[in-house]
Every structure is written in C-alpha cells, then in structure tokens.
Amino acid sequence: MKAFTYERATSPAAAAAAVAGRPGAKFLAGGTNLLDLMKLEIETPTHLVDVQDLKFDRIDATADGGLRVGAFVSNTALSADPRVMRDYAVLTRAIQAGASGQLRNKATTAGNLLQRTRCPYFYDTNQPCNKRSPGSGCAAIGGYSRQLAVIGTSDQCIATYPGDMAVALRVLDASVETIDPKGAVRTIPLADFHRLPGKSPEIDTVLAPGELITAVTLPRPLGGRHVYRKVRDRASYAFALVSVAAVIQPDGTGRVAFGGVAPRPWRSPAADAALPHGGAAVVAQAFAGAKPTRDNAFKLPLATRTLAAALTPARTA
Amino acid sequence: MECTDGLHLSRRGVLAGGVASVAVAAAPAAEARLASAAPPAMMPVSLEVNGRHHDLRLDPRTTLLDTLRDHLQLTGTKKGCDHGQCGACTVIVNGHRINSCLSLAVQHDRDRITTIEGLGTPDRLHPMQAAFVRHDGFQCGYCTPGQICSAVAVLDEIKAGIPSHVSHDLATPMRPTNTELRERMSGNICRCGAYSNIAEAITEVAGAAA
Ligand SMILES: Cc1cc2nc3c(=O)[nH]c(=O)nc-3n(C[C@H](O)[C@H](O)[C@H](O)COP(=O)(O)OP(=O)(O)OC[C@H]3O[C@@H](n4cnc5c(N)ncnc54)[C@H](O)[C@@H]3O)c2cc1C
Ligand code: SF4
Ligand code: FES
Ligand code: FES
C-alpha cells in the first residue's frame, strides 16, 4: 500500500473541502472496497478523509412519507430497519444477497453505491485497462468476458457495475443527496448517478471531485410485492451474473431493474411497461440493442429466466 | 503496551514459528518496501482489546488485523486472504463482526474489540469454543478463530432480528435453522471443509441459548 495521511472530518463541508483541495485525497467510509483496492495499488490516494464522525448514521422519515438514509448507515442496519423490511423489502433483499455478514456490517450506504467494478482485468495491474489507467486499452474486449456487461458498454470499456443494493434503489427511484466543498447541496436521481463508460470509463459517477454523499432518500412506499433474485456461481458470497429487482402490483404492472448486466443498474420505461405482458417481453425491451460477447451471451436467456422466476410468487423465496 | 518497531516485531513473529510463521513470512518484504518510502507519520491510536486498553503509535496503513497480530501479539486472529474474501480475520468490534483485514487501525480509535483470545481461555472456554471442540468443528484450525468469532456474532444478529438472504418471511422472528446458519456463516471459508460440524456446533449453542 502506498503511504497516505489520514484525518477524521468533523463537518460535511470541511470533509468535502479537504478532499477537493488536495489532489489524491479520497473519502474513507467502511473501507471494504477502497482498502482492498489500495492494497493492490489500483487506488493510490495520498490522503484519506474518514467520514465516520459526521453523524450520517440515522434513518429518518421524510415529510413526504419516505425515508432518508444517512450515507454512513451500514448495509446491515439499512437492511434490518423495520420500516425498510416492511415497506422497501426489495432493498432488504438486495443488500442481504450481497457480500457477507462481516462485510455488510462494515460497508456503508454511500460506499456501497461507489464500489468499483469487479472486471478481472481492472484488478490485474499487468493488463491494460482504461478504467484503471485511462488510454491503456481494454483487455476485456476480446479477452475473458463472462462476467462483463451486455449493454450500455462502449468500445473503451465493457465492465459492469457489480453491486446489488443500487439495483433495488433504482427500482425504488431513490435519490442521492450530496454537499460540495462550498456547502452547496444537490439531489441526484439514482437513474442519473452512475455513468455509462463512453470515452471516459475511468469516471464511474456524476459526482464532482470532493462532492460528499450525505444521504440516500427513498420516496413514499410503492406497496406491491418486492423481489430481488440473484444468480451467481455459488449460492452465497459471490457477485451477480444476473440479478433482478422488481416491485409487482396486484394488477401485474410494476417496475423492474437488472444487475450484473450493465455499467449501471439497468431499467427502462419500456421494459416496465411490458411487465403485464410477461418476462420475455420485458427482457426484449430492456435489452434491445444489447451487444453481448461470445462469453457472456448467456446472460440474455439467463435474464429472461431469472425474471420469470422472480415473477412467480411461489418461487421468490 | 506500546511497540512501534515493525521490523523487530515481525522478527519475533517469525521466531514464534508454527502456523503463524506461514502468515508472517511475507512481512519482511513488505517492511523493506515500507522502509524505502518516506517515513510515514505515525498516528496515535487507542484500542480496547479484550478488556485491556492499549495506546499505540501506528503507520496509518496498518490494518486492524496486523495491529492485533504484529503489535499486540494476539496471533489467534488469522490472515487468510487479506482481502475480505475468507473470514479468517473476523473479530468483533463494538459488538459487530467485521473483517479486520479490510479495516485500518486508525478507523478504530477508541473502539472495543473482541478477538478469539477474549472470548475464552483454554481452561475457561466460551460455550462456542467448547461446542466447536465437541463437534469437531475444525481440522487444521486455521479458519477456526474467525469461524468462532463469526458464530458468536451470528447468534446475536439472529436475536437482534437481522434478516438474511434465506429468511423467508421478514415479518416473523429470525430463527437459527441450519439453512440460516449456513447462509449467515458464508463469509467464513474453511479449506478443510468442516462446515457441517461447524453448523452443528453453532446449532447446539443456539439451542442452549434459546
Ligand atoms: C469479498 C467481497 C465480496 C463482496 N460481494 C459483494 C456483493 O455480492 N454484492 C455487492 O453489492 N457488494 C459486494 N461487495 C462490495 C461491498 O458491498 C463494498 O465493498 C462496500 O459496500 C463498500 O462500502 P464501504 O463503506 O466499505 O466503502 P469504502 O471502501 O469506504 O469506499 C468506497 C468508495 O466510496 C467513496 N465514498 C465513501 N463514502 C463516501 C461519501 N459519503 N461520499 C462520497 N464518496 C464516498 C470512497 O472514497 C471510495 O471511493 C463485496 C466486497 C468484498 C470485499
Ligand atoms: S472492461 Fe473496463 S474495467 Fe475491464 S479491462 Fe476493459 S476498461 Fe478495464
Ligand atoms: S484475511 Fe480477512 S477476510 Fe481473509
Ligand atoms: S479447519 Fe482447516 S481451514 Fe477450516
């Protein structure tokens, strides 16, 4: 690990200023992704601003009947909050489908959103990777791409956003609240939060340098049946090959988002609208224009089957 | 207790020999790399480990795992992967189990930490330690301290109503069924494959506690 200096931020604006004012500075939350990448020298920050003392550890009701989840709330605490289990079960299910009990205790809401890709070449510093080292090329294109994205990719990068929690947040139309170094706050719909790679795959999200996430807000509960179904190479403690988050209403309408298939949680209005016509219709809409590789073409039929299973109530447990 | 001389400590670690030397064998190379870089500013860190207070001065890069093993000589906690993938380094911090390899000691200033050494002693075993012995919940034993710390925390998590991936109904109390225990323990890998005996040991303690 490269040497760095460390501080604990005492106010949100000061934390944002500390990172913005110093090239090479980064926020540190749970550390379960950042420290992993620092050990491999994929991330090499020179200064860490620890946000654990900022009191972002509460989940509060909002005026319009939703919830405001502090950026530092642990994945375990969020998934086990009685209001979340009752009204946003898809979120509980998605969080519990990811990582391990130990990691979920340490991982935070903001850190989880900002976890970086699991593309094997991103992790291998001997390989070219535009996301890790801009302009170096992409070893995954033409390489081993079984886990990688089938849609939303570019000729610079075909990596997925690997997380589970954000797929549920996408279906729930959550928003991300931030504060910048000048103290200005903004709200970013989750739909706009993760970027597609285009020509700059090294930039994962729309956050500006030093912009600090303070909370994630959930709109009023949607009702309906909440499902998160994840398919992976082993039954637990592995990243998704394909996952489906869905909220289905009694009349068959609803919302659906896919994980493990794209550089961000994948959802479209046309796919939602196709829900009453069944899983195959949804997948046809959601994956129109998909460009799978030979290695990961299996993800399209797998998405159809995973959604079919998610739509069958008896089999959702 | 205070000790800041990393080289000195890793030499002692190697001399301690046995299984531990496998894990510390990589340390001298890492220390040499450290030495060639600009000397890092040491930071004060206070930890309460197994009921004892420690004031340390550490390189901010030092993980909680390396702090426990190399600075406090609590080598019960093991280093398997050093990347959050195996659970050998599991300890309990302020009541919650975490992977000590993916956490910096400086993140834990003033935290309360329980390691396998703090759960029980050879003549006063924690019930979970005794159950692992009774049920043959290990072979080589390398994953065992992490398994036991995790298992103790799992039963608390079930009592606290924290759901798991396999909990069918979020509205009813969580129960320590075999399926639940296996899912909740999936962050602890055992190369020897002692899983079924581990699950039996935890089931016994869960039954006694219920
Ligand atoms: C073995 C293993 C298996 C895993 N399996 C899964 C899985 O199956 N599914 C899944 O979804 N995840 C999985 N994960 C990833 C895990 O969910 C993430 O590591 C975790 O959520 C990151 O949260 P953190 O708080 O530890 O983030 P950190 O590592 O502290 O930070 C991550 C990033 O977020 C930035 N950041 C943190 N807080 C803020 C803030 N408030 N504002 C702005 N920037 C911020 C940091 O600068 C850093 O760049 C796994 C991880 C491991 C190690
Ligand atoms: S797919 Fe993206 S992350 Fe993977 S090697 Fe190519 S550029 Fe890097
Ligand atoms: S050593 Fe920490 S999880 Fe493997
Ligand atoms: S007992 Fe050998 S690794 Fe588990």
# chains A, B, ... in the order shown; residues from 1 in each chain; ligands from 1
$ select_by_dssp --residues "range 3-209 of chain B" --states "alpha helix (DSSP H)" --output "JSON, numbers by chain"
{"B": [6, 7, 8, 9, 10, 11, 12, 13, 14, 15, 16, 19, 20, 21, 22, 23, 24, 27, 28, 29, 30, 31, 32, 33, 34, 35, 36, 64, 65, 66, 116, 117, 118, 119, 127, 128, 129, 130, 131, 132, 133, 134, 144, 145, 146, 147, 148, 149, 150, 151, 152, 153, 154, 155, 156, 157, 158, 159, 178, 179, 180, 181, 182, 183, 184, 195, 196, 197, 198, 199, 200, 201, 202, 203, 204, 205, 206, 207, 208, 209]}
$ residues_around --residues "Phe72 in chain A" --least-positions-apart "6" --cutoff "6 Å" --atoms "only C-alpha atoms" --output "list in words"
Phe56, Asp57, Thr108 and Thr109 of chain A
$ write_last_selection --atoms "N, CA and C atoms" --output "compact mmCIF listing (two decimals), in the first residue's frame"
# COMPACT_ATOMS: atom_id res chain seq x y z
N PHE A 56 -23.78 10.74 10.00
CA PHE A 56 -24.66 10.32 8.90
C PHE A 56 -25.17 8.91 9.15
N ASP A 57 -25.47 8.59 10.42
CA ASP A 57 -25.78 7.20 10.72
C ASP A 57 -27.24 6.98 11.12
N THR A 108 -20.94 0.80 4.02
CA THR A 108 -21.90 1.88 4.22
C THR A 108 -22.75 2.10 2.97
N THR A 109 -23.80 2.90 3.14
CA THR A 109 -24.71 3.17 2.03
C THR A 109 -23.97 3.88 0.89
$ interface_residues --of "chain A" --to "chain B" --cutoff "6 Å" --atoms "only C-alpha atoms" --output "ChimeraX atom specification"
/A:32,36,80,96-97,100,102,317
$ atom_distance --atom1 "CA of Val51 in chain A" --atom2 "atom 42 (N, counted along the ligand's line) of ligand 1"
8.1 Å
$ residues_near_ligand --ligand "ligand 2" --cutoff "12 Å" --atoms "only C-alpha atoms and all ligand atoms" --output "MDAnalysis selection string"
chainID A and resid 42 116:150 152:162 196:204 262:263 293
$ residues_near_ligand --ligand "ligand 4" --cutoff "9 Å" --atoms "only C-alpha atoms and all ligand atoms" --output "number ranges by chain"
B: 88, 137-144, 147, 188-195
$ write_last_selection --atoms "N, CA, C and O atoms" --output "PDB file, in the first residue's frame"
ATOM      1  N   ALA B  88     -11.083 -15.393   7.853  1.00  0.00           N
ATOM      2  CA  ALA B  88     -10.158 -15.873   8.888  1.00  0.00           C
ATOM      3  C   ALA B  88      -9.836 -14.776   9.901  1.00  0.00           C
ATOM      4  O   ALA B  88      -9.484 -15.045  11.047  1.00  0.00           O
ATOM      5  N   GLY B 137     -15.446 -29.193  15.004  1.00  0.00           N
ATOM      6  CA  GLY B 137     -15.764 -28.136  14.040  1.00  0.00           C
ATOM      7  C   GLY B 137     -14.538 -27.596  13.328  1.00  0.00           C
ATOM      8  O   GLY B 137     -14.528 -26.425  12.935  1.00  0.00           O
ATOM      9  N   PHE B 138     -13.504 -28.391  13.203  1.00  0.00           N
ATOM     10  CA  PHE B 138     -12.286 -27.940  12.510  1.00  0.00           C
ATOM     11  C   PHE B 138     -11.393 -29.142  12.223  1.00  0.00           C
ATOM     12  O   PHE B 138     -11.572 -30.213  12.804  1.00  0.00           O
ATOM     13  N   GLN B 139     -10.450 -28.929  11.281  1.00  0.00           N
ATOM     14  CA  GLN B 139      -9.383 -29.922  11.102  1.00  0.00           C
ATOM     15  C   GLN B 139      -8.047 -29.246  11.370  1.00  0.00           C
ATOM     16  O   GLN B 139      -7.479 -29.371  12.426  1.00  0.00           O
ATOM     17  N   CYS B 140      -7.567 -28.418  10.413  1.00  0.00           N
ATOM     18  CA  CYS B 140      -6.273 -27.761  10.638  1.00  0.00           C
ATOM     19  C   CYS B 140      -6.400 -26.626  11.661  1.00  0.00           C
ATOM     20  O   CYS B 140      -5.434 -26.259  12.303  1.00  0.00           O
ATOM     21  N   GLY B 141      -7.572 -26.041  11.773  1.00  0.00           N
ATOM     22  CA  GLY B 141      -7.812 -24.999  12.772  1.00  0.00           C
ATOM     23  C   GLY B 141      -7.519 -23.582  12.326  1.00  0.00           C
ATOM     24  O   GLY B 141      -7.742 -22.641  13.087  1.00  0.00           O
ATOM     25  N   TYR B 142      -7.048 -23.419  11.100  1.00  0.00           N
ATOM     26  CA  TYR B 142      -6.636 -22.061  10.701  1.00  0.00           C
ATOM     27  C   TYR B 142      -7.822 -21.104  10.599  1.00  0.00           C
ATOM     28  O   TYR B 142      -7.727 -19.944  10.985  1.00  0.00           O
ATOM     29  N   CYS B 143      -8.944 -21.595  10.093  1.00  0.00           N
ATOM     30  CA  CYS B 143     -10.115 -20.715   9.937  1.00  0.00           C
ATOM     31  C   CYS B 143     -10.881 -20.566  11.241  1.00  0.00           C
ATOM     32  O   CYS B 143     -11.795 -19.760  11.336  1.00  0.00           O
ATOM     33  N   THR B 144     -10.541 -21.394  12.251  1.00  0.00           N
ATOM     34  CA  THR B 144     -11.402 -21.567  13.416  1.00  0.00           C
ATOM     35  C   THR B 144     -11.612 -20.305  14.269  1.00  0.00           C
ATOM     36  O   THR B 144     -12.748 -20.010  14.643  1.00  0.00           O
ATOM     37  N   GLN B 147     -14.109 -18.380  12.469  1.00  0.00           N
ATOM     38  CA  GLN B 147     -15.413 -19.059  12.485  1.00  0.00           C
ATOM     39  C   GLN B 147     -16.103 -18.827  13.826  1.00  0.00           C
ATOM     40  O   GLN B 147     -17.310 -18.544  13.885  1.00  0.00           O
ATOM     41  N   ASN B 188     -17.197 -17.058   6.028  1.00  0.00           N
ATOM     42  CA  ASN B 188     -16.077 -17.780   6.649  1.00  0.00           C
ATOM     43  C   ASN B 188     -15.806 -19.050   5.860  1.00  0.00           C
ATOM     44  O   ASN B 188     -16.572 -20.007   5.931  1.00  0.00           O
ATOM     45  N   ILE B 189     -14.709 -19.043   5.121  1.00  0.00           N
ATOM     46  CA  ILE B 189     -14.374 -20.186   4.280  1.00  0.00           C
ATOM     47  C   ILE B 189     -13.504 -21.163   5.085  1.00  0.00           C
ATOM     48  O   ILE B 189     -12.630 -20.744   5.839  1.00  0.00           O
ATOM     49  N   CYS B 190     -13.757 -22.449   4.904  1.00  0.00           N
ATOM     50  CA  CYS B 190     -12.947 -23.487   5.563  1.00  0.00           C
ATOM     51  C   CYS B 190     -12.379 -24.400   4.492  1.00  0.00           C
ATOM     52  O   CYS B 190     -13.113 -25.158   3.864  1.00  0.00           O
ATOM     53  N   ARG B 191     -11.071 -24.314   4.289  1.00  0.00           N
ATOM     54  CA  ARG B 191     -10.440 -25.153   3.261  1.00  0.00           C
ATOM     55  C   ARG B 191     -10.557 -26.635   3.599  1.00  0.00           C
ATOM     56  O   ARG B 191     -10.546 -27.487   2.747  1.00  0.00           O
ATOM     57  N   CYS B 192     -10.636 -26.940   4.903  1.00  0.00           N
ATOM     58  CA  CYS B 192     -10.750 -28.338   5.301  1.00  0.00           C
ATOM     59  C   CYS B 192     -12.181 -28.850   5.160  1.00  0.00           C
ATOM     60  O   CYS B 192     -12.427 -30.043   5.326  1.00  0.00           O
ATOM     61  N   GLY B 193     -13.106 -27.958   4.930  1.00  0.00           N
ATOM     62  CA  GLY B 193     -14.488 -28.400   4.722  1.00  0.00           C
ATOM     63  C   GLY B 193     -15.164 -28.923   5.972  1.00  0.00           C
ATOM     64  O   GLY B 193     -15.914 -29.890   5.928  1.00  0.00           O
ATOM     65  N   ALA B 194     -14.927 -28.261   7.091  1.00  0.00           N
ATOM     66  CA  ALA B 194     -15.551 -28.707   8.343  1.00  0.00           C
ATOM     67  C   ALA B 194     -16.970 -28.153   8.511  1.00  0.00           C
ATOM     68  O   ALA B 194     -17.529 -28.177   9.605  1.00  0.00           O
ATOM     69  N   TYR B 195     -17.558 -27.691   7.421  1.00  0.00           N
ATOM     70  CA  TYR B 195     -18.798 -26.918   7.513  1.00  0.00           C
ATOM     71  C   TYR B 195     -19.927 -27.610   8.288  1.00  0.00           C
ATOM     72  O   TYR B 195     -20.597 -26.977   9.102  1.00  0.00           O
TER      73      TYR B 195
END
$ residues_around --residues "Asn50 in chain B" --least-positions-apart "4" --cutoff "10 Å" --atoms "only C-alpha atoms" --output "MDAnalysis selection string"
chainID B and resid 92 112:120
$ residues_near_ligand --ligand "ligand 1" --cutoff "7 Å" --atoms "only C-alpha atoms and all ligand atoms" --output "ChimeraX atom specification"
/A:26-36,51,71-72,95,97-100,103-104,106-115,162-165,211-214,237-240 /B:83-85
$ decode --residues "range 88-123 of chain B" --atoms "N, CA and C atoms" --output "PDB file, in the first residue's frame"
ATOM      1  N   ALA B  88     -11.083 -15.393   7.853  1.00  0.00           N
ATOM      2  CA  ALA B  88     -10.158 -15.873   8.888  1.00  0.00           C
ATOM      3  C   ALA B  88      -9.836 -14.776   9.901  1.00  0.00           C
ATOM      4  N   CYS B  89      -9.946 -13.523   9.475  1.00  0.00           N
ATOM      5  CA  CYS B  89      -9.559 -12.377  10.295  1.00  0.00           C
ATOM      6  C   CYS B  89     -10.726 -11.784  11.074  1.00  0.00           C
ATOM      7  N   THR B  90     -11.866 -12.489  11.111  1.00  0.00           N
ATOM      8  CA  THR B  90     -13.068 -11.931  11.741  1.00  0.00           C
ATOM      9  C   THR B  90     -12.846 -11.629  13.227  1.00  0.00           C
ATOM     10  N   VAL B  91     -13.152 -10.406  13.629  1.00  0.00           N
ATOM     11  CA  VAL B  91     -13.159 -10.025  15.043  1.00  0.00           C
ATOM     12  C   VAL B  91     -14.460  -9.265  15.310  1.00  0.00           C
ATOM     13  N   ILE B  92     -14.743  -9.024  16.574  1.00  0.00           N
ATOM     14  CA  ILE B  92     -15.982  -8.343  16.939  1.00  0.00           C
ATOM     15  C   ILE B  92     -15.631  -6.934  17.424  1.00  0.00           C
ATOM     16  N   VAL B  93     -16.131  -5.920  16.732  1.00  0.00           N
ATOM     17  CA  VAL B  93     -15.833  -4.524  17.066  1.00  0.00           C
ATOM     18  C   VAL B  93     -17.121  -3.834  17.517  1.00  0.00           C
ATOM     19  N   ASN B  94     -17.116  -3.329  18.728  1.00  0.00           N
ATOM     20  CA  ASN B  94     -18.306  -2.694  19.302  1.00  0.00           C
ATOM     21  C   ASN B  94     -19.545  -3.581  19.102  1.00  0.00           C
ATOM     22  N   GLY B  95     -19.354  -4.881  19.253  1.00  0.00           N
ATOM     23  CA  GLY B  95     -20.474  -5.814  19.154  1.00  0.00           C
ATOM     24  C   GLY B  95     -20.767  -6.347  17.764  1.00  0.00           C
ATOM     25  N   HIS B  96     -20.078  -5.828  16.731  1.00  0.00           N
ATOM     26  CA  HIS B  96     -20.366  -6.280  15.360  1.00  0.00           C
ATOM     27  C   HIS B  96     -19.155  -7.010  14.777  1.00  0.00           C
ATOM     28  N   ARG B  97     -19.409  -8.127  14.103  1.00  0.00           N
ATOM     29  CA  ARG B  97     -18.279  -8.839  13.474  1.00  0.00           C
ATOM     30  C   ARG B  97     -17.871  -8.122  12.192  1.00  0.00           C
ATOM     31  N   ILE B  98     -16.583  -7.993  11.991  1.00  0.00           N
ATOM     32  CA  ILE B  98     -16.057  -7.408  10.752  1.00  0.00           C
ATOM     33  C   ILE B  98     -14.806  -8.174  10.332  1.00  0.00           C
ATOM     34  N   ASN B  99     -14.351  -7.919   9.097  1.00  0.00           N
ATOM     35  CA  ASN B  99     -13.087  -8.466   8.618  1.00  0.00           C
ATOM     36  C   ASN B  99     -11.990  -7.492   9.029  1.00  0.00           C
ATOM     37  N   SER B 100     -11.107  -7.900   9.949  1.00  0.00           N
ATOM     38  CA  SER B 100     -10.094  -6.949  10.427  1.00  0.00           C
ATOM     39  C   SER B 100      -9.041  -6.648   9.373  1.00  0.00           C
ATOM     40  N   CYS B 101      -8.997  -7.426   8.295  1.00  0.00           N
ATOM     41  CA  CYS B 101      -8.007  -7.157   7.230  1.00  0.00           C
ATOM     42  C   CYS B 101      -8.413  -5.985   6.359  1.00  0.00           C
ATOM     43  N   LEU B 102      -9.708  -5.665   6.300  1.00  0.00           N
ATOM     44  CA  LEU B 102     -10.163  -4.563   5.445  1.00  0.00           C
ATOM     45  C   LEU B 102     -10.525  -3.345   6.280  1.00  0.00           C
ATOM     46  N   SER B 103      -9.795  -3.143   7.355  1.00  0.00           N
ATOM     47  CA  SER B 103     -10.061  -2.012   8.214  1.00  0.00           C
ATOM     48  C   SER B 103      -8.728  -1.497   8.730  1.00  0.00           C
ATOM     49  N   LEU B 104      -8.576  -0.192   8.769  1.00  0.00           N
ATOM     50  CA  LEU B 104      -7.342   0.379   9.302  1.00  0.00           C
ATOM     51  C   LEU B 104      -7.479   0.540  10.805  1.00  0.00           C
ATOM     52  N   ALA B 105      -6.383   0.357  11.519  1.00  0.00           N
ATOM     53  CA  ALA B 105      -6.430   0.561  12.975  1.00  0.00           C
ATOM     54  C   ALA B 105      -6.899   1.982  13.301  1.00  0.00           C
ATOM     55  N   VAL B 106      -6.456   2.963  12.496  1.00  0.00           N
ATOM     56  CA  VAL B 106      -6.838   4.355  12.802  1.00  0.00           C
ATOM     57  C   VAL B 106      -8.348   4.586  12.686  1.00  0.00           C
ATOM     58  N   GLN B 107      -9.048   3.697  11.951  1.00  0.00           N
ATOM     59  CA  GLN B 107     -10.513   3.816  11.897  1.00  0.00           C
ATOM     60  C   GLN B 107     -11.148   3.373  13.222  1.00  0.00           C
ATOM     61  N   HIS B 108     -10.368   2.727  14.074  1.00  0.00           N
ATOM     62  CA  HIS B 108     -10.936   2.131  15.291  1.00  0.00           C
ATOM     63  C   HIS B 108     -10.484   2.800  16.570  1.00  0.00           C
ATOM     64  N   ASP B 109      -9.993   4.021  16.462  1.00  0.00           N
ATOM     65  CA  ASP B 109      -9.572   4.741  17.664  1.00  0.00           C
ATOM     66  C   ASP B 109     -10.726   4.728  18.672  1.00  0.00           C
ATOM     67  N   ARG B 110     -10.454   4.294  19.881  1.00  0.00           N
ATOM     68  CA  ARG B 110     -11.413   4.211  20.985  1.00  0.00           C
ATOM     69  C   ARG B 110     -12.478   3.127  20.800  1.00  0.00           C
ATOM     70  N   ASP B 111     -12.295   2.212  19.866  1.00  0.00           N
ATOM     71  CA  ASP B 111     -13.254   1.121  19.699  1.00  0.00           C
ATOM     72  C   ASP B 111     -12.940  -0.032  20.656  1.00  0.00           C
ATOM     73  N   ARG B 112     -13.983  -0.854  20.873  1.00  0.00           N
ATOM     74  CA  ARG B 112     -13.899  -2.009  21.769  1.00  0.00           C
ATOM     75  C   ARG B 112     -13.835  -3.274  20.906  1.00  0.00           C
ATOM     76  N   ILE B 113     -12.741  -4.000  21.006  1.00  0.00           N
ATOM     77  CA  ILE B 113     -12.501  -5.121  20.100  1.00  0.00           C
ATOM     78  C   ILE B 113     -12.414  -6.431  20.878  1.00  0.00           C
ATOM     79  N   THR B 114     -13.109  -7.443  20.384  1.00  0.00           N
ATOM     80  CA  THR B 114     -13.001  -8.777  20.983  1.00  0.00           C
ATOM     81  C   THR B 114     -12.424  -9.724  19.951  1.00  0.00           C
ATOM     82  N   THR B 115     -11.343 -10.397  20.322  1.00  0.00           N
ATOM     83  CA  THR B 115     -10.743 -11.411  19.453  1.00  0.00           C
ATOM     84  C   THR B 115     -10.996 -12.781  20.092  1.00  0.00           C
ATOM     85  N   ILE B 116     -10.555 -13.821  19.416  1.00  0.00           N
ATOM     86  CA  ILE B 116     -10.732 -15.176  19.938  1.00  0.00           C
ATOM     87  C   ILE B 116     -10.116 -15.301  21.337  1.00  0.00           C
ATOM     88  N   GLU B 117      -9.011 -14.574  21.582  1.00  0.00           N
ATOM     89  CA  GLU B 117      -8.356 -14.659  22.896  1.00  0.00           C
ATOM     90  C   GLU B 117      -9.245 -14.067  23.985  1.00  0.00           C
ATOM     91  N   GLY B 118     -10.154 -13.171  23.591  1.00  0.00           N
ATOM     92  CA  GLY B 118     -11.008 -12.512  24.579  1.00  0.00           C
ATOM     93  C   GLY B 118     -12.317 -13.244  24.824  1.00  0.00           C
ATOM     94  N   LEU B 119     -12.649 -14.201  23.964  1.00  0.00           N
ATOM     95  CA  LEU B 119     -13.915 -14.924  24.153  1.00  0.00           C
ATOM     96  C   LEU B 119     -13.788 -15.909  25.305  1.00  0.00           C
ATOM     97  N   GLY B 120     -12.662 -16.617  25.345  1.00  0.00           N
ATOM     98  CA  GLY B 120     -12.473 -17.609  26.405  1.00  0.00           C
ATOM     99  C   GLY B 120     -10.996 -17.939  26.522  1.00  0.00           C
ATOM    100  N   THR B 121     -10.653 -18.728  27.505  1.00  0.00           N
ATOM    101  CA  THR B 121      -9.258 -19.145  27.679  1.00  0.00           C
ATOM    102  C   THR B 121      -9.241 -20.680  27.677  1.00  0.00           C
ATOM    103  N   PRO B 122      -8.063 -21.285  27.520  1.00  0.00           N
ATOM    104  CA  PRO B 122      -8.019 -22.752  27.452  1.00  0.00           C
ATOM    105  C   PRO B 122      -8.723 -23.439  28.628  1.00  0.00           C
ATOM    106  N   ASP B 123      -8.665 -22.844  29.813  1.00  0.00           N
ATOM    107  CA  ASP B 123      -9.369 -23.528  30.909  1.00  0.00           C
ATOM    108  C   ASP B 123     -10.766 -22.970  31.190  1.00  0.00           C
TER     109      ASP B 123
END
